[in-house]
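Visitor: File follows, protein-v7.cif with mmCIF, C-alpha atoms:
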data_coords
#
loop_
_atom_site.label_atom_id
_atom_site.label_comp_id
_atom_site.auth_asym_id
_atom_site.auth_seq_id
_atom_site.Cartn_x
_atom_site.Cartn_y
_atom_site.Cartn_z
CA MET A 1 65.31 137.14 114.31
CA SER A 2 65.72 134.53 117.03
CA PHE A 3 63.77 131.26 117.20
CA PRO A 4 63.68 128.74 120.06
CA LEU A 5 65.61 125.65 119.04
CA GLY A 6 63.78 122.33 119.16
CA ILE A 7 64.25 118.69 118.23
CA PHE A 8 61.83 115.80 117.84
CA SER A 9 62.01 113.48 120.85
CA TYR A 10 62.89 110.41 118.78
CA ILE A 11 66.62 110.77 118.11
CA GLY A 12 67.48 107.32 116.79
CA TYR A 13 68.73 105.71 120.00
CA ASP A 14 66.93 102.94 121.90
CA LEU A 15 66.29 104.92 125.07
CA PRO A 16 63.16 105.58 127.14
CA LEU A 17 61.38 108.82 126.33
CA ASP A 18 62.14 110.31 129.74
CA ARG A 19 65.87 109.70 129.23
CA ARG A 20 65.82 111.20 125.73
CA LEU A 21 64.08 114.33 126.97
CA GLY A 22 66.68 114.82 129.69
CA LEU A 23 69.48 114.57 127.15
CA ILE A 24 67.70 116.99 124.82
CA LYS A 25 67.44 119.54 127.61
CA ASP A 26 71.07 119.03 128.60
CA ALA A 27 72.16 119.67 124.99
CA GLY A 28 70.65 123.17 125.14
CA PHE A 29 67.43 122.70 123.21
CA GLU A 30 64.43 124.69 124.40
CA ALA A 31 61.64 122.61 122.87
CA SER A 32 60.78 119.07 121.94
CA SER A 33 57.80 117.21 120.53
CA ILE A 34 56.35 113.73 120.77
CA TRP A 35 55.02 110.87 118.68
CA TRP A 36 51.59 109.45 119.35
CA GLY A 37 51.75 105.97 117.89
CA ASP A 38 52.43 102.38 118.94
CA GLU A 39 56.13 102.71 118.11
CA GLU A 40 56.56 104.78 121.31
CA ASP A 41 56.50 102.62 124.46
CA ASP A 42 54.69 105.17 126.62
CA TYR A 43 51.94 105.59 124.03
CA ARG A 44 51.52 101.84 123.70
CA ARG A 45 51.20 101.56 127.48
CA GLY A 46 48.32 104.05 127.46
CA LEU A 47 50.32 107.00 128.81
CA ARG A 48 49.84 109.36 125.86
CA LEU A 49 48.16 112.07 127.96
CA LYS A 50 51.11 112.03 130.38
CA MET A 51 53.75 112.34 127.66
CA PRO A 52 53.36 116.11 127.09
CA GLN A 53 53.86 116.73 130.81
CA MET A 54 57.02 114.63 130.68
CA VAL A 55 58.37 117.14 128.17
CA ARG A 56 57.46 120.07 130.40
CA ASP A 57 58.88 118.38 133.50
CA HIS A 58 62.28 118.55 131.79
CA GLY A 59 61.94 122.31 131.32
CA LEU A 60 61.16 121.99 127.60
CA TYR A 61 58.34 123.55 125.63
CA CYS A 62 56.11 120.81 124.21
CA GLU A 63 55.75 122.24 120.71
CA PHE A 64 53.53 119.68 118.99
CA VAL A 65 52.31 116.11 118.82
CA HIS A 66 52.94 114.12 115.65
CA VAL A 67 50.19 111.53 115.25
CA ALA A 68 50.58 108.17 113.53
CA PHE A 69 49.84 108.10 109.80
CA LYS A 70 49.16 104.42 109.13
CA GLU A 71 45.41 105.11 108.73
CA CYS A 72 45.55 108.34 106.74
CA ASP A 73 45.15 106.70 103.31
CA HIS A 74 41.65 105.79 104.44
CA PHE A 75 40.66 109.47 104.25
CA TRP A 76 40.42 108.89 100.50
CA SER A 77 38.69 105.50 100.57
CA GLU A 78 35.37 104.92 98.86
CA ASP A 79 34.44 102.75 101.84
CA ALA A 80 32.57 105.04 104.24
CA SER A 81 33.45 102.94 107.28
CA ASP A 82 37.16 103.23 106.50
CA ARG A 83 36.89 107.01 106.17
CA GLU A 84 34.82 107.38 109.32
CA ARG A 85 37.27 105.29 111.36
CA ALA A 86 40.29 107.31 110.22
CA VAL A 87 38.53 110.64 110.80
CA ALA A 88 37.28 109.56 114.23
CA GLN A 89 40.81 108.60 115.31
CA HIS A 90 42.22 111.95 114.25
CA VAL A 91 39.37 113.88 115.88
CA ALA A 92 40.02 111.94 119.10
CA TRP A 93 43.68 112.99 118.89
CA VAL A 94 42.59 116.62 118.43
CA HIS A 95 40.62 116.37 121.66
CA ASP A 96 43.59 114.73 123.38
CA CYS A 97 45.77 117.67 122.30
CA ALA A 98 43.26 120.11 123.78
CA ASP A 99 43.11 118.14 127.03
CA SER A 100 46.92 118.00 127.22
CA GLY A 101 47.53 121.68 126.41
CA ILE A 102 49.23 120.88 123.10
CA PRO A 103 48.73 123.73 120.60
CA ILE A 104 49.64 121.92 117.36
CA MET A 105 48.92 118.46 115.94
CA VAL A 106 51.10 117.38 113.01
CA MET A 107 49.48 114.88 110.64
CA HIS A 108 49.74 113.49 107.12
CA ALA A 109 46.99 113.72 104.52
CA MET A 110 48.17 110.45 102.96
CA ARG A 111 51.13 108.11 103.10
CA GLY A 112 53.98 108.72 100.68
CA SER A 113 53.25 105.46 98.87
CA TYR A 114 49.58 106.26 98.22
CA ARG A 115 48.82 106.46 94.51
CA GLY A 116 45.06 106.95 94.60
CA GLU A 117 42.94 109.85 93.45
CA ILE A 118 42.77 113.16 95.28
CA SER A 119 39.01 112.96 95.73
CA ARG A 120 36.25 115.05 97.20
CA LEU A 121 35.70 112.30 99.78
CA GLY A 122 39.24 112.78 101.07
CA MET A 123 38.87 116.54 101.22
CA GLU A 124 35.69 116.16 103.26
CA SER A 125 37.51 113.83 105.63
CA ILE A 126 40.20 116.41 106.32
CA ILE A 127 37.65 119.22 106.54
CA SER A 128 35.96 117.25 109.33
CA ILE A 129 39.23 117.06 111.26
CA VAL A 130 39.97 120.76 110.74
CA SER A 131 36.45 121.62 111.93
CA ALA A 132 37.09 119.68 115.12
CA ALA A 133 40.39 121.54 115.52
CA GLU A 134 38.62 124.88 115.12
CA GLU A 135 36.17 123.96 117.88
CA ALA A 136 38.97 122.72 120.16
CA GLY A 137 41.33 125.64 119.50
CA ILE A 138 44.02 123.39 118.05
CA VAL A 139 46.10 124.01 114.93
CA ILE A 140 46.53 121.15 112.46
CA ALA A 141 49.95 121.30 110.79
CA LEU A 142 49.80 119.25 107.59
CA GLU A 143 53.18 117.76 106.73
CA ASN A 144 54.37 117.68 103.13
CA THR A 145 55.05 114.15 101.92
CA ARG A 146 55.96 112.72 98.51
CA ARG A 147 52.46 113.54 97.26
CA MET A 148 53.07 117.26 96.90
CA ASP A 149 50.01 117.47 94.67
CA CYS A 150 47.81 116.26 97.53
CA PHE A 151 49.50 118.54 100.07
CA GLY A 152 49.09 121.60 97.86
CA ALA A 153 45.49 120.74 96.99
CA VAL A 154 44.47 120.41 100.64
CA LEU A 155 46.08 123.70 101.71
CA SER A 156 44.58 125.48 98.71
CA GLU A 157 41.12 123.99 99.30
CA ILE A 158 40.82 124.50 103.07
CA ASP A 159 41.32 128.13 104.05
CA SER A 160 41.28 127.95 107.83
CA PRO A 161 43.52 129.58 110.42
CA ASN A 162 43.48 126.19 112.15
CA LEU A 163 45.09 124.43 109.19
CA GLY A 164 48.76 125.21 108.78
CA PHE A 165 51.89 123.68 107.32
CA CYS A 166 54.64 121.44 108.72
CA TYR A 167 57.68 121.87 106.47
CA ASP A 168 59.77 118.74 106.04
CA SER A 169 62.92 119.64 104.14
CA SER A 170 63.90 116.08 103.23
CA HIS A 171 60.43 115.21 101.97
CA GLU A 172 60.57 118.26 99.74
CA ARG A 173 63.99 117.26 98.36
CA LEU A 174 62.70 113.79 97.49
CA CYS A 175 60.09 115.45 95.29
CA THR A 176 61.93 118.37 93.73
CA GLU A 177 65.34 120.00 93.45
CA ASP A 178 63.68 123.41 93.81
CA ALA A 179 64.77 123.92 97.42
CA GLY A 180 62.34 125.95 99.50
CA VAL A 181 59.56 125.95 96.90
CA LEU A 182 56.93 125.01 99.49
CA LEU A 183 58.10 127.78 101.80
CA ARG A 184 57.71 130.26 98.98
CA GLN A 185 54.22 128.97 98.16
CA PHE A 186 52.82 128.42 101.65
CA GLY A 187 55.21 130.21 104.01
CA ASP A 188 52.43 132.35 105.46
CA ARG A 189 50.88 129.15 106.84
CA LEU A 190 54.07 127.65 108.27
CA ARG A 191 53.57 126.43 111.83
CA VAL A 192 56.22 123.70 112.37
CA THR A 193 59.60 122.74 110.92
CA HIS A 194 61.04 119.26 110.41
CA PHE A 195 64.57 120.14 109.29
CA SER A 196 66.77 117.24 108.19
CA ASP A 197 69.06 116.37 105.29
CA CYS A 198 69.01 113.48 102.83
CA ASP A 199 70.73 111.99 99.78
CA GLY A 200 67.84 112.70 97.40
CA THR A 201 66.86 109.03 97.30
CA PHE A 202 65.69 108.13 100.80
CA ASP A 203 64.34 110.04 103.79
CA ARG A 204 67.55 109.71 105.79
CA HIS A 205 66.85 112.22 108.60
CA TRP A 206 70.50 113.24 108.56
CA LEU A 207 71.74 116.36 110.28
CA PRO A 208 71.55 119.48 108.10
CA GLY A 209 74.75 119.79 106.10
CA GLU A 210 75.33 116.04 105.80
CA GLY A 211 73.33 115.55 102.59
CA ILE A 212 72.58 117.36 99.36
CA ILE A 213 69.90 119.88 100.35
CA ASP A 214 70.67 123.47 99.32
CA TRP A 215 70.23 125.04 102.74
CA ARG A 216 71.05 128.53 101.54
CA ALA A 217 68.09 128.33 99.16
CA VAL A 218 65.84 126.90 101.88
CA MET A 219 66.75 129.65 104.32
CA ASP A 220 66.36 132.33 101.68
CA ALA A 221 62.77 131.12 101.28
CA PHE A 222 62.13 130.82 105.02
CA PRO A 223 59.41 133.28 106.20
CA ALA A 224 61.45 134.64 109.10
CA GLU A 225 59.35 137.80 109.39
CA THR A 226 56.06 135.97 109.95
CA TYR A 227 57.01 132.61 111.47
CA SER A 228 56.38 132.44 115.22
CA GLY A 229 57.24 128.82 116.00
CA CYS A 230 60.36 126.93 116.94
CA PHE A 231 63.32 126.06 114.76
CA SER A 232 63.08 122.30 115.05
CA LEU A 233 65.03 119.33 113.72
CA GLU A 234 63.76 115.81 113.01
CA VAL A 235 67.02 113.88 112.87
CA VAL A 236 68.75 110.61 113.72
CA PRO A 237 72.47 109.74 113.62
CA GLY A 238 72.20 107.03 110.96
CA LYS A 239 75.50 105.20 110.53
CA ALA A 240 77.14 107.56 113.03
CA ALA A 241 75.11 105.98 115.86
CA ASP A 242 78.02 103.61 116.53
CA GLU A 243 80.47 106.51 116.61
CA LEU A 244 78.53 109.13 118.58
CA SER A 245 77.00 108.76 122.01
CA PRO A 246 73.53 110.30 122.41
CA PRO A 247 74.94 113.41 124.16
CA GLU A 248 77.56 113.82 121.41
CA PHE A 249 74.94 113.49 118.70
CA LEU A 250 72.64 116.00 120.38
CA ALA A 251 75.51 118.47 120.83
CA LYS A 252 76.18 118.20 117.11
CA ALA A 253 72.46 118.57 116.35
CA HIS A 254 72.27 121.73 118.47
CA GLU A 255 75.25 123.14 116.59
CA ARG A 256 73.54 122.46 113.24
CA ALA A 257 70.27 124.00 114.42
CA ASN A 258 72.18 127.14 115.37
CA TRP A 259 73.88 127.09 111.98
CA LEU A 260 70.54 127.08 110.17
CA ALA A 261 69.03 129.70 112.44
CA GLY A 262 72.08 131.86 111.77
CA MET A 263 71.28 131.82 108.06
CA THR A 264 67.88 133.40 108.65
CA ALA A 265 69.37 135.99 110.99
CA SER A 266 72.25 136.93 108.69
CA GLY A 267 70.22 137.74 105.61
CA ALA A 268 72.58 137.83 102.64
CA GLU A 269 75.56 136.79 104.75
CA GLU A 270 76.55 133.18 104.14
CA ALA A 271 76.44 131.06 107.33
CA ARG A 272 79.15 128.44 107.39
CA LEU A 273 79.76 125.25 109.35
#
Spit out the file's structure as structure tokens when you get a sec.
Guide:
Amino acid sequence: MSFPLGIFSYIGYDLPLDRRLGLIKDAGFEASSIWWGDEEDDYRRGLRLKMPQMVRDHGLYCEFVHVAFKECDHFWSEDASDRERAVAQHVAWVHDCADSGIPIMVMHAMRGSYRGEISRLGMESIISIVSAAEEAGIVIALENTRRMDCFGAVLSEIDSPNLGFCYDSSHERLCTEDAGVLLRQFGDRLRVTHFSDCDGTFDRHWLPGEGIIDWRAVMDAFPAETYSGCFSLEVVPGKAADELSPPEFLAKAHERANWLAGMTASGAEEARL
């Protein structure tokens, strides 16, 4: 089984988006994805609808948009105006995805620090966004965060072909040592991957193989027979940024993506670095 290799467009270096995308293409990746939030200069300058075409202009498949999550806790607020504002923003992003030809919108149901109740009000908020996605022909890929109970509840509650799953390997490891458990539970709804490694304490976004994640277990759980998306990393160089140039880091990232993909292709054979 062969999957196109992708990497999130933010790679940890202070470079313009256009420059990062060129380096990603040069490193051999076939796909990239973008962040819609004020942290990205082009978004802040009102160029969000041009950003997907920037990806394509570099010969890359624009796999998904990841939208900002600073408002997502408001889905669960008892204040109707807070909920309505957060839902309206996400619905607007859904329409932007449709207008830009982006098939998948990655979002969070709540921030990792949220400790509130998983309420009916929050479920209705997300149902409203999924309904808009159904009408627009867009898939929402809900990313697992530290609130695995919320993530599981939403996927179990909302049975829609337009609500899928963005698997973040580091987020899972921060919640449990049972590597790949979310892939085993919800693998049939997997739409996007955010592969990275961590130390089990913080969301480091290290390259796979540089932390403590049991990648053999993750790949054993990976739904290779049904997954039709890209094999994508969400990584930064961390402390190695001073030692590796952006092209060197991306070459290493491409090597690690191939390493992981090789595990799914080799079945019981152990892939090695």
Visitor: Would you mind listing what lies within 8 Å of Ala261 (chain A) as number ranges by chain, with all atoms listed in the file counted and same-chain residues fewer than 4 positions away left out?
Guide: A: 2-3, 231, 257, 265
Visitor: One decimal, Å: what's the distance from CA of Ala88 (chain A) over to CA of Glu40 (chain A), could you say?
Guide: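 Between CA of Ala88 (chain A) and CA of Glu40 (chain A) the gap works out to 21.1 Å.
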Visitor: Here's the selection I'm unsure about, the PyMOL selection byres ((chain A and resi 130) around 9); applied to the file above, which residues does it give, as a tab-separated table (two decimals) with C-alpha atoms, keeping the file's coordinate frame?
Guide:
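Below you can see result18.tsv, which holds the result:
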chain	number	residue	atom	x	y	z
A	91	VAL	CA	39.37	113.88	115.88
A	125	SER	CA	37.51	113.83	105.63
A	126	ILE	CA	40.20	116.41	106.32
A	127	ILE	CA	37.65	119.22	106.54
A	128	SER	CA	35.96	117.25	109.33
A	129	ILE	CA	39.23	117.06	111.26
A	131	SER	CA	36.45	121.62	111.93
A	132	ALA	CA	37.09	119.68	115.12
A	133	ALA	CA	40.39	121.54	115.52
A	134	GLU	CA	38.62	124.88	115.12
A	135	GLU	CA	36.17	123.96	117.88
A	138	ILE	CA	44.02	123.39	118.05
A	139	VAL	CA	46.10	124.01	114.93
A	140	ILE	CA	46.53	121.15	112.46
A	158	ILE	CA	40.82	124.50	103.07
A	160	SER	CA	41.28	127.95	107.83
A	162	ASN	CA	43.48	126.19	112.15
A	163	LEU	CA	45.09	124.43	109.19
Visitor: Mind giving me the straight-line distance from CA of Val106 (chain A) to CA of Gly238 (chain A) in Å, one decimal?
Guide: 23.6 Å
Visitor: Determine the residue set returned by the PyMOL selection byres ((chain A and resi 216) around 9) for the present structure, and present it as a list in words.
Guide: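 Selected by the PyMOL selection byres ((chain A and resi 216) around 9) in this file: Ala179, Ile213, Asp214, Trp215, Ala217, Val218, Met219, Asp220, Ala221, Leu260, Met263, Glu270 and Ala271 of chain A.
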Visitor: Please report the interatomic distance between CA of Cys150 (chain A) and CA of Ala109 (chain A) in Å with one decimal.
Guide: 7.5 Å
Visitor: Extract, using all atoms listed in the file, all DNA, RNA and protein residues at most 6 Å from Gly164 (chain A), discarding same-chain residues fewer than 3 positions from it, and format them as a ChimeraX atom specification.
Guide: /A:140-141,189-191
Visitor: Counting only C-alpha atoms, find the residues whose atoms lie at most 12 Å from (67.8, 109.2, 115.6) (file coordinates) and write them out as a ChimeraX atom specification.
Guide: /A:7-15,20,196,204-207,233-242,244-247,249-250,253
Visitor: For a quick check of understanding, using all atoms listed in the file, which of A:Trp35, A:Phe29, A:Tyr114, A:Phe222 has the smallest distance to Glu71 (chain A)?
Guide: A:Tyr114
Visitor: Around (37.3, 109.4, 108.1) in the file's frame, which residues reach within 10 Å when counting all atoms listed in the file? Return as a list in words?
Guide: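 Checking each residue against the 10 Å limit leaves Glu71, Cys72, Asp73, His74, Phe75, Trp76, Ser77, Asp79, Ala80, Ser81, Asp82, Arg83, Glu84, Arg85, Ala86, Val87, Ala88, Gln89, His90, Val91, Leu121, Gly122, Glu124, Ser125, Ile126, Ile127, Ser128 and Ile129 of chain A.
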Visitor: On this structure, which residues satisfy the PyMOL selection byres ((chain A and resi 181-183) around 12), written as a compact mmCIF listing (two decimals) with C-alpha atoms, keeping the file's coordinate frame?
Guide:
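Ended up saving to selection.txt:
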# COMPACT_ATOMS: atom_id res chain seq x y z
CA GLU A 143 53.18 117.76 106.73
CA ASN A 144 54.37 117.68 103.13
CA THR A 145 55.05 114.15 101.92
CA MET A 148 53.07 117.26 96.90
CA ASP A 149 50.01 117.47 94.67
CA PHE A 151 49.50 118.54 100.07
CA GLY A 152 49.09 121.60 97.86
CA LEU A 155 46.08 123.70 101.71
CA GLY A 164 48.76 125.21 108.78
CA PHE A 165 51.89 123.68 107.32
CA CYS A 166 54.64 121.44 108.72
CA TYR A 167 57.68 121.87 106.47
CA ASP A 168 59.77 118.74 106.04
CA SER A 169 62.92 119.64 104.14
CA SER A 170 63.90 116.08 103.23
CA HIS A 171 60.43 115.21 101.97
CA GLU A 172 60.57 118.26 99.74
CA ARG A 173 63.99 117.26 98.36
CA CYS A 175 60.09 115.45 95.29
CA THR A 176 61.93 118.37 93.73
CA GLU A 177 65.34 120.00 93.45
CA ASP A 178 63.68 123.41 93.81
CA ALA A 179 64.77 123.92 97.42
CA GLY A 180 62.34 125.95 99.50
CA ARG A 184 57.71 130.26 98.98
CA GLN A 185 54.22 128.97 98.16
CA PHE A 186 52.82 128.42 101.65
CA GLY A 187 55.21 130.21 104.01
CA ASP A 188 52.43 132.35 105.46
CA ARG A 189 50.88 129.15 106.84
CA LEU A 190 54.07 127.65 108.27
CA ARG A 191 53.57 126.43 111.83
CA VAL A 192 56.22 123.70 112.37
CA THR A 193 59.60 122.74 110.92
CA ASP A 214 70.67 123.47 99.32
CA ALA A 217 68.09 128.33 99.16
CA VAL A 218 65.84 126.90 101.88
CA MET A 219 66.75 129.65 104.32
CA ASP A 220 66.36 132.33 101.68
CA ALA A 221 62.77 131.12 101.28
CA PHE A 222 62.13 130.82 105.02
CA PRO A 223 59.41 133.28 106.20
CA ALA A 224 61.45 134.64 109.10
CA THR A 226 56.06 135.97 109.95
CA TYR A 227 57.01 132.61 111.47
Visitor: Do a neighbour search on region 46-49 of chain A at 8 Å with only C-alpha atoms, toss out local chain neighbours closer than 4 positions, and write the hits as a VMD selection string.
Guide: chain A and resid 36 42 53 96 99 to 100
Visitor: Of the residues A:Pro161, A:Arg146, A:Cys62, A:Gly262, which is the one nearest to Lys50 (chain A), using all atoms listed in the file?
Guide: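 Residue with the minimum atom-to-atom distance to Lys50 (chain A): A:Cys62.
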Visitor: With 4 Å on each side, where is the centre of the axis-aligned box around all listed atoms of region 75-82 of chain A, and how long are its edges in Å to one decimal, as JSON?
Guide:
{"center_x": 36.6, "center_y": 106.1, "center_z": 103.1, "size_x": 16.1, "size_y": 14.7, "size_z": 16.4}
Visitor: Taking into account only C-alpha atoms, which residue in the set A:Gly116, A:Gly200, A:Gly6, A:Pro16 is nearest to Phe64 (chain A)?
Guide: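 Using only C-alpha atoms, Phe64 (chain A) sits closest to A:Gly6.
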